[in-house]
>>> print(open('target_20.pdb').read())   # PDB, C-alpha atoms and all ligand atoms
ATOM      1  CA  MET A   1      38.525  -8.986   7.626
ATOM      2  CA  ASN A   2      35.100  -9.118   9.278
ATOM      3  CA  ILE A   3      32.254 -11.541   8.716
ATOM      4  CA  VAL A   4      28.993  -9.600   8.738
ATOM      5  CA  LEU A   5      25.720 -11.468   9.120
ATOM      6  CA  VAL A   6      22.613  -9.687   7.901
ATOM      7  CA  GLY A   7      19.088 -10.984   7.419
ATOM      8  CA  PHE A   8      15.577 -10.901   8.756
ATOM      9  CA  MET A   9      14.733 -11.363  12.447
ATOM     10  CA  GLY A  10      14.746 -15.033  13.403
ATOM     11  CA  THR A  11      17.099 -16.230  10.678
ATOM     12  CA  GLY A  12      19.733 -17.243  13.240
ATOM     13  CA  LYS A  13      22.273 -14.405  12.947
ATOM     14  CA  THR A  14      23.103 -14.210  16.653
ATOM     15  CA  VAL A  15      23.536 -17.928  17.422
ATOM     16  CA  VAL A  16      25.438 -18.526  14.196
ATOM     17  CA  ALA A  17      27.719 -15.508  14.718
ATOM     18  CA  LYS A  18      28.552 -16.600  18.281
ATOM     19  CA  LYS A  19      29.434 -20.126  17.213
ATOM     20  CA  LEU A  20      31.414 -19.005  14.183
ATOM     21  CA  ALA A  21      33.427 -16.501  16.220
ATOM     22  CA  LYS A  22      34.315 -19.165  18.757
ATOM     23  CA  MET A  23      35.391 -21.624  16.075
ATOM     24  CA  ARG A  24      37.486 -19.085  14.179
ATOM     25  CA  GLY A  25      38.979 -17.355  17.229
ATOM     26  CA  MET A  26      37.375 -14.098  16.146
ATOM     27  CA  GLU A  27      35.547 -11.526  18.242
ATOM     28  CA  TYR A  28      31.746 -11.721  18.331
ATOM     29  CA  LEU A  29      29.738  -8.490  18.365
ATOM     30  CA  ASP A  30      26.046  -7.793  17.989
ATOM     31  CA  LEU A  31      25.218  -4.357  16.634
ATOM     32  CA  ASP A  32      21.990  -4.139  18.658
ATOM     33  CA  ASP A  33      23.866  -5.081  21.862
ATOM     34  CA  VAL A  34      26.339  -2.261  21.237
ATOM     35  CA  ILE A  35      23.467   0.219  20.730
ATOM     36  CA  GLU A  36      21.768  -1.012  23.909
ATOM     37  CA  SER A  37      24.888  -0.740  26.025
ATOM     38  CA  ASP A  38      25.836   2.682  24.585
ATOM     39  CA  ARG A  39      22.347   4.004  25.319
ATOM     40  CA  GLY A  40      21.655   2.043  28.491
ATOM     41  CA  GLN A  41      18.257   1.216  26.984
ATOM     42  CA  ALA A  42      16.720  -1.856  25.380
ATOM     43  CA  ILE A  43      15.962  -1.644  21.635
ATOM     44  CA  SER A  44      12.238  -1.957  22.430
ATOM     45  CA  GLN A  45      12.549   1.019  24.800
ATOM     46  CA  ILE A  46      14.329   3.117  22.153
ATOM     47  CA  PHE A  47      11.539   2.305  19.659
ATOM     48  CA  ALA A  48       8.813   3.091  22.209
ATOM     49  CA  GLU A  49      10.297   6.301  23.611
ATOM     50  CA  ASP A  50      12.142   7.833  20.634
ATOM     51  CA  GLY A  51      10.610   6.057  17.623
ATOM     52  CA  GLU A  52      12.059   3.957  14.824
ATOM     53  CA  PRO A  53      13.819   6.866  12.994
ATOM     54  CA  SER A  54      15.892   7.569  16.129
ATOM     55  CA  PHE A  55      16.804   3.901  16.361
ATOM     56  CA  ARG A  56      17.859   3.881  12.683
ATOM     57  CA  LYS A  57      20.079   6.902  13.295
ATOM     58  CA  LEU A  58      21.808   5.163  16.195
ATOM     59  CA  GLU A  59      22.087   1.996  14.126
ATOM     60  CA  LYS A  60      23.758   3.941  11.306
ATOM     61  CA  GLU A  61      26.258   5.680  13.599
ATOM     62  CA  THR A  62      27.096   2.402  15.324
ATOM     63  CA  ALA A  63      27.485   0.485  12.048
ATOM     64  CA  ALA A  64      29.883   3.155  10.748
ATOM     65  CA  ARG A  65      31.960   2.976  13.928
ATOM     66  CA  ILE A  66      32.068  -0.815  14.164
ATOM     67  CA  SER A  67      32.950  -1.198  10.465
ATOM     68  CA  LYS A  68      36.347   0.257  11.262
ATOM     69  CA  LEU A  69      37.178  -2.683  13.569
ATOM     70  CA  ASP A  70      38.770  -5.888  12.356
ATOM     71  CA  ASN A  71      38.524  -9.655  12.912
ATOM     72  CA  LEU A  72      34.891  -9.504  13.987
ATOM     73  CA  VAL A  73      31.952 -11.773  13.444
ATOM     74  CA  LEU A  74      29.184  -9.209  13.520
ATOM     75  CA  ALA A  75      25.491  -9.972  13.928
ATOM     76  CA  THR A  76      23.313  -7.073  12.794
ATOM     77  CA  GLY A  77      19.669  -6.101  13.246
ATOM     78  CA  GLY A  78      17.259  -7.178  10.511
ATOM     79  CA  GLY A  79      16.791  -3.645   9.182
ATOM     80  CA  VAL A  80      20.427  -2.579   8.894
ATOM     81  CA  VAL A  81      20.511  -3.216   5.132
ATOM     82  CA  LEU A  82      17.752  -0.652   4.499
ATOM     83  CA  ASP A  83      20.318   2.157   4.528
ATOM     84  CA  PRO A  84      22.781   1.874   1.621
ATOM     85  CA  ASP A  85      25.461   3.666   3.675
ATOM     86  CA  ASN A  86      25.321   0.835   6.221
ATOM     87  CA  VAL A  87      25.799  -1.761   3.493
ATOM     88  CA  LYS A  88      28.721   0.203   2.040
ATOM     89  CA  ASN A  89      30.380   0.642   5.442
ATOM     90  CA  LEU A  90      29.874  -2.932   6.604
ATOM     91  CA  LYS A  91      31.164  -4.364   3.314
ATOM     92  CA  ARG A  92      34.253  -2.181   3.266
ATOM     93  CA  ASN A  93      36.198  -4.482   5.547
ATOM     94  CA  GLY A  94      33.986  -7.531   5.521
ATOM     95  CA  VAL A  95      32.177 -10.223   3.663
ATOM     96  CA  MET A  96      28.427  -9.755   4.021
ATOM     97  CA  ILE A  97      26.393 -12.934   4.345
ATOM     98  CA  CYS A  98      22.607 -12.849   4.449
ATOM     99  CA  LEU A  99      20.752 -15.556   6.358
ATOM    100  CA  GLU A 100      17.281 -16.204   4.994
ATOM    101  CA  ALA A 101      14.331 -18.350   6.076
ATOM    102  CA  GLU A 102      10.776 -19.071   5.011
ATOM    103  CA  PRO A 103       8.157 -16.814   6.709
ATOM    104  CA  GLU A 104       6.620 -19.788   8.573
ATOM    105  CA  VAL A 105      10.048 -20.788   9.911
ATOM    106  CA  ILE A 106      10.745 -17.223  11.001
ATOM    107  CA  TYR A 107       7.389 -17.079  12.755
ATOM    108  CA  SER A 108       7.995 -20.338  14.600
ATOM    109  CA  ARG A 109      11.387 -19.072  15.775
ATOM    110  CA  VAL A 110      10.215 -15.648  16.997
ATOM    111  CA  LYS A 111       6.671 -16.286  18.207
ATOM    112  CA  ASP A 112       7.567 -16.801  21.869
ATOM    113  CA  GLN A 113       9.912 -13.831  22.028
ATOM    114  CA  THR A 114       8.667 -10.389  22.986
ATOM    115  CA  HIS A 115      11.731  -8.172  22.597
ATOM    116  CA  ARG A 116      11.208  -7.276  18.913
ATOM    117  CA  PRO A 117       9.083  -4.111  18.645
ATOM    118  CA  LEU A 118       8.298  -4.649  14.940
ATOM    119  CA  LEU A 119       6.727  -8.054  15.631
ATOM    120  CA  ASN A 120       5.195  -7.338  19.007
ATOM    121  CA  ILE A 121       1.818  -6.771  17.333
ATOM    122  CA  PRO A 122      -1.505  -8.647  16.936
ATOM    123  CA  ASP A 123      -0.697 -10.243  13.522
ATOM    124  CA  PRO A 124       3.060 -10.831  13.349
ATOM    125  CA  MET A 125       2.775 -13.386  10.508
ATOM    126  CA  LYS A 126       1.247 -10.754   8.191
ATOM    127  CA  LYS A 127       3.949  -8.279   9.171
ATOM    128  CA  ILE A 128       6.703 -10.851   8.559
ATOM    129  CA  ARG A 129       5.427 -11.438   5.010
ATOM    130  CA  GLU A 130       5.089  -7.710   4.301
ATOM    131  CA  LEU A 131       8.547  -6.875   5.615
ATOM    132  CA  LEU A 132      10.165  -9.813   3.810
ATOM    133  CA  ASP A 133       8.633  -8.662   0.516
ATOM    134  CA  ALA A 134       9.640  -5.046   1.046
ATOM    135  CA  ARG A 135      13.165  -5.939   2.152
ATOM    136  CA  ALA A 136      14.006  -8.632  -0.406
ATOM    137  CA  PRO A 137      15.924  -6.230  -2.711
ATOM    138  CA  TYR A 138      17.950  -4.964   0.242
ATOM    139  CA  TYR A 139      18.929  -8.416   1.489
ATOM    140  CA  ALA A 140      19.935  -9.271  -2.077
ATOM    141  CA  LYS A 141      22.777  -6.739  -1.734
ATOM    142  CA  ALA A 142      24.694  -9.185   0.472
ATOM    143  CA  ASP A 143      27.685 -10.984  -1.039
ATOM    144  CA  PHE A 144      26.209 -14.399  -0.228
ATOM    145  CA  LEU A 145      22.777 -15.748   0.741
ATOM    146  CA  ILE A 146      22.110 -18.848   2.844
ATOM    147  CA  ASP A 147      18.615 -20.255   3.343
ATOM    148  CA  THR A 148      18.607 -21.492   6.937
ATOM    149  CA  SER A 149      15.029 -22.847   6.891
ATOM    150  CA  ASP A 150      16.101 -26.510   6.928
ATOM    151  CA  LEU A 151      19.586 -26.162   8.367
ATOM    152  CA  THR A 152      20.904 -26.651  11.885
ATOM    153  CA  ILE A 153      23.156 -23.995  13.416
ATOM    154  CA  ASP A 154      26.194 -26.187  12.753
ATOM    155  CA  GLU A 155      25.197 -26.601   9.123
ATOM    156  CA  VAL A 156      24.858 -22.843   8.648
ATOM    157  CA  VAL A 157      28.265 -22.343  10.253
ATOM    158  CA  GLY A 158      29.638 -24.989   7.875
ATOM    159  CA  GLU A 159      28.216 -23.139   4.866
ATOM    160  CA  ILE A 160      29.837 -19.914   6.010
ATOM    161  CA  LEU A 161      33.195 -21.623   6.518
ATOM    162  CA  LYS A 162      32.979 -22.916   2.934
ATOM    163  CA  ILE A 163      32.253 -19.396   1.661
ATOM    164  CA  ILE A 164      35.228 -17.942   3.514
ATOM    165  CA  LYS A 165      37.532 -20.671   2.239
ATOM    166  CA  THR A 166      36.436 -20.078  -1.362
ATOM    167  CA  LYS A 167      36.880 -16.341  -0.945
ATOM    168  CA  ARG A 168      40.430 -16.813   0.381
ATOM    169  CA  THR A 169      41.362 -19.122  -2.498
ATOM    170  CA  LYS A 170      40.003 -16.571  -4.989
ATOM    171  CA  CYS A 171      41.959 -13.735  -3.377
ATOM    172  CA  ARG A 172      45.229 -15.675  -3.570
ATOM    173  CA  LYS A 173      44.894 -16.270  -7.318
TER     174      LYS A 173
HETATM  175  C1  LIG A 201      14.855  -5.031  13.440
HETATM  176  C2  LIG A 201      15.466  -6.178  13.888
HETATM  177  C3  LIG A 201      15.967  -6.331  15.260
HETATM  178  C4  LIG A 201      16.297  -4.950  15.859
HETATM  179  C5  LIG A 201      15.134  -4.027  15.735
HETATM  180  C6  LIG A 201      14.702  -3.821  14.281
HETATM  181  C7  LIG A 201      14.367  -4.969  12.035
HETATM  182  O1  LIG A 201      17.137  -7.132  15.293
HETATM  183  O2  LIG A 201      17.410  -4.390  15.225
HETATM  184  O3  LIG A 201      14.090  -4.569  16.493
HETATM  185  O4  LIG A 201      14.122  -3.863  11.537
HETATM  186  O5  LIG A 201      14.256  -6.039  11.400
HETATM  187  P1  LIG A 201      17.138  -8.739  15.048
HETATM  188  O6  LIG A 201      17.116  -8.963  13.564
HETATM  189  O7  LIG A 201      18.427  -9.175  15.654
HETATM  190  O8  LIG A 201      15.947  -9.293  15.744
END
>>> encode(input="target_20.pdb", output="structure tokens")
Amino acid sequence: MNIVLVGFMGTGKTVVAKKLAKMRGMEYLDLDDVIESDRGQAISQIFAEDGEPSFRKLEKETAARISKLDNLVLATGGGVVLDPDNVKNLKRNGVMICLEAEPEVIYSRVKDQTHRPLLNIPDPMKKIRELLDARAPYYAKADFLIDTSDLTIDEVVGEILKIIKTKRTKCRK
């Protein structure tokens, strides 16, 4: 079974997924990293040269392919949940956990980073609020939600371990 982390940019998917994979002896993969290495281009370059729809197409193809693998902790890009096929594919062999955070927390975590095309704009805080509002129903499709605003990385990992344990116990019954 895979553990699939979804959620908005800056909610901690990558750091949490890496740590969790190490602790559980599972393989860590980041969907955006796979796209970048397949294409030999950074995500920001794909957005700039081919546009967001092309990126979403690549994201969809890659999600479908990776969903067939097993024993992964997968970090995904913040927009992967927008396509219902991605959610269906990623859930098929995995538990989908959404990491959330307050807009101010997200802003403080991403403000010094420049690699995110959607936030590399004059008023990222406004954009964060708009996107969070628009995406809320999509993130709600995850099996579990964890608000990471006041949690350390270790605490988030701990919450996920609890979820997995509960899920296992339920399956055995
Ligand atoms: C995106 C999030 C990014 C990346 C791309 C689009 C989004 O990933 O996939 O820039 O639509 O929210 P992270 O969530 O890992 O930053």
>>> closest_residue(input="target_20.pdb", among="A:Asp30, A:Gly94, A:Asp50, A:Asn120", to="Lys167 (chain A)", atoms="all atoms listed in the file")
A:Gly94
>>> closest_atom_pairs(input="target_20.pdb", of="chain A", to="ligand LIG 201 (chain A)", cutoff="7 Å", atoms="only C-alpha atoms and all ligand atoms", output="Markdown table")
| residue | atom | partner | partner_atom | distance |
| --- | --- | --- | --- | --- |
| A:Gly7 | CA | A:LIG201 | O6 | 6.8 |
| A:Phe8 | CA | A:LIG201 | O6 | 5.4 |
| A:Met9 | CA | A:LIG201 | O6 | 3.6 |
| A:Gly10 | CA | A:LIG201 | O8 | 6.3 |
| A:Thr14 | CA | A:LIG201 | O7 | 6.9 |
| A:Asp32 | CA | A:LIG201 | O2 | 5.7 |
| A:Ile43 | CA | A:LIG201 | O3 | 6.2 |
| A:Ser44 | CA | A:LIG201 | O3 | 6.7 |
| A:Thr76 | CA | A:LIG201 | O7 | 6.0 |
| A:Gly77 | CA | A:LIG201 | O1 | 3.4 |
| A:Gly78 | CA | A:LIG201 | O5 | 3.3 |
| A:Gly79 | CA | A:LIG201 | O4 | 3.6 |
| A:Val80 | CA | A:LIG201 | O4 | 7.0 |
| A:Arg116 | CA | A:LIG201 | O3 | 4.6 |
| A:Pro117 | CA | A:LIG201 | O3 | 5.5 |
| A:Leu118 | CA | A:LIG201 | O3 | 6.0 |
>>> atom_distance(input="target_20.pdb", atom1="CA of Leu20 (chain A)", atom2="CA of Leu145 (chain A)")
16.3 Å
>>> residues_near_point(input="target_20.pdb", point="(16.6, -2.2, 20.4)", cutoff="10 Å", atoms="all atoms listed in the file", output="MDAnalysis selection string")
chainID A and resid 31:36 39 41:48 52 55:56 58:59 77 115:117
>>> closest_residue(input="target_20.pdb", among="A:Leu151, A:Leu82, A:Val157, A:Ile164", to="Pro137 (chain A)", atoms="only C-alpha atoms")
A:Leu82
>>> atom_distance(input="target_20.pdb", atom1="CA of Asp143 (chain A)", atom2="CA of Lys91 (chain A)")
8.7 Å
>>> resolve_selection(input="target_20.pdb", expression="the PyMOL selection byres (((chain A and resi 100-104) around 12) and not hetatm)", output="PyMOL selection string")
chain A and resi 5-13+78+97-99+105-111+124-133+135-136+139-140+142+144-151+156
>>> closest_residue(input="target_20.pdb", among="A:Ser37, A:Asn93, A:Thr166, A:Gln113", to="Asp70 (chain A)", atoms="only C-alpha atoms")
A:Asn93
>>> axis_aligned_box(input="target_20.pdb", around="region 105-120 of chain A", padding_each_side="8 Å", output="AutoDock Vina command-line options")
--center_x 8.5 --center_y -12.4 --center_z 16.4 --size_x 22.5 --size_y 32.7 --size_z 29.1
>>> resolve_selection(input="target_20.pdb", expression="the PyMOL selection byres (((chain A and resi 2) around 7) and not hetatm)", output="PyMOL selection string")
chain A and resi 1+3-4+70-73+93-95
>>> resolve_selection(input="target_20.pdb", expression="the PyMOL selection byres (((chain A and resi 68) around 9) and not hetatm)", output="PDB file with C-alpha atoms, in the frame of the given file")
ATOM      1  CA  ALA A  63      27.485   0.485  12.048  1.00  0.00           C
ATOM      2  CA  ALA A  64      29.883   3.155  10.748  1.00  0.00           C
ATOM      3  CA  ARG A  65      31.960   2.976  13.928  1.00  0.00           C
ATOM      4  CA  ILE A  66      32.068  -0.815  14.164  1.00  0.00           C
ATOM      5  CA  SER A  67      32.950  -1.198  10.465  1.00  0.00           C
ATOM      6  CA  LEU A  69      37.178  -2.683  13.569  1.00  0.00           C
ATOM      7  CA  ASP A  70      38.770  -5.888  12.356  1.00  0.00           C
ATOM      8  CA  ASN A  89      30.380   0.642   5.442  1.00  0.00           C
ATOM      9  CA  LEU A  90      29.874  -2.932   6.604  1.00  0.00           C
ATOM     10  CA  ARG A  92      34.253  -2.181   3.266  1.00  0.00           C
ATOM     11  CA  ASN A  93      36.198  -4.482   5.547  1.00  0.00           C
TER      12      ASN A  93
END
>>> atom_distance(input="target_20.pdb", atom1="CA of Glu27 (chain A)", atom2="CA of Asp85 (chain A)")
23.3 Å
>>> closest_residue(input="target_20.pdb", among="A:Met96, A:Lys165, A:Lys60, A:Leu74", to="Leu29 (chain A)", atoms="only C-alpha atoms")
A:Leu74
>>> closest_residue(input="target_20.pdb", among="A:Ile153, A:Val16, A:Ile163, A:Met23", to="Ala75 (chain A)", atoms="all atoms listed in the file")
A:Val16
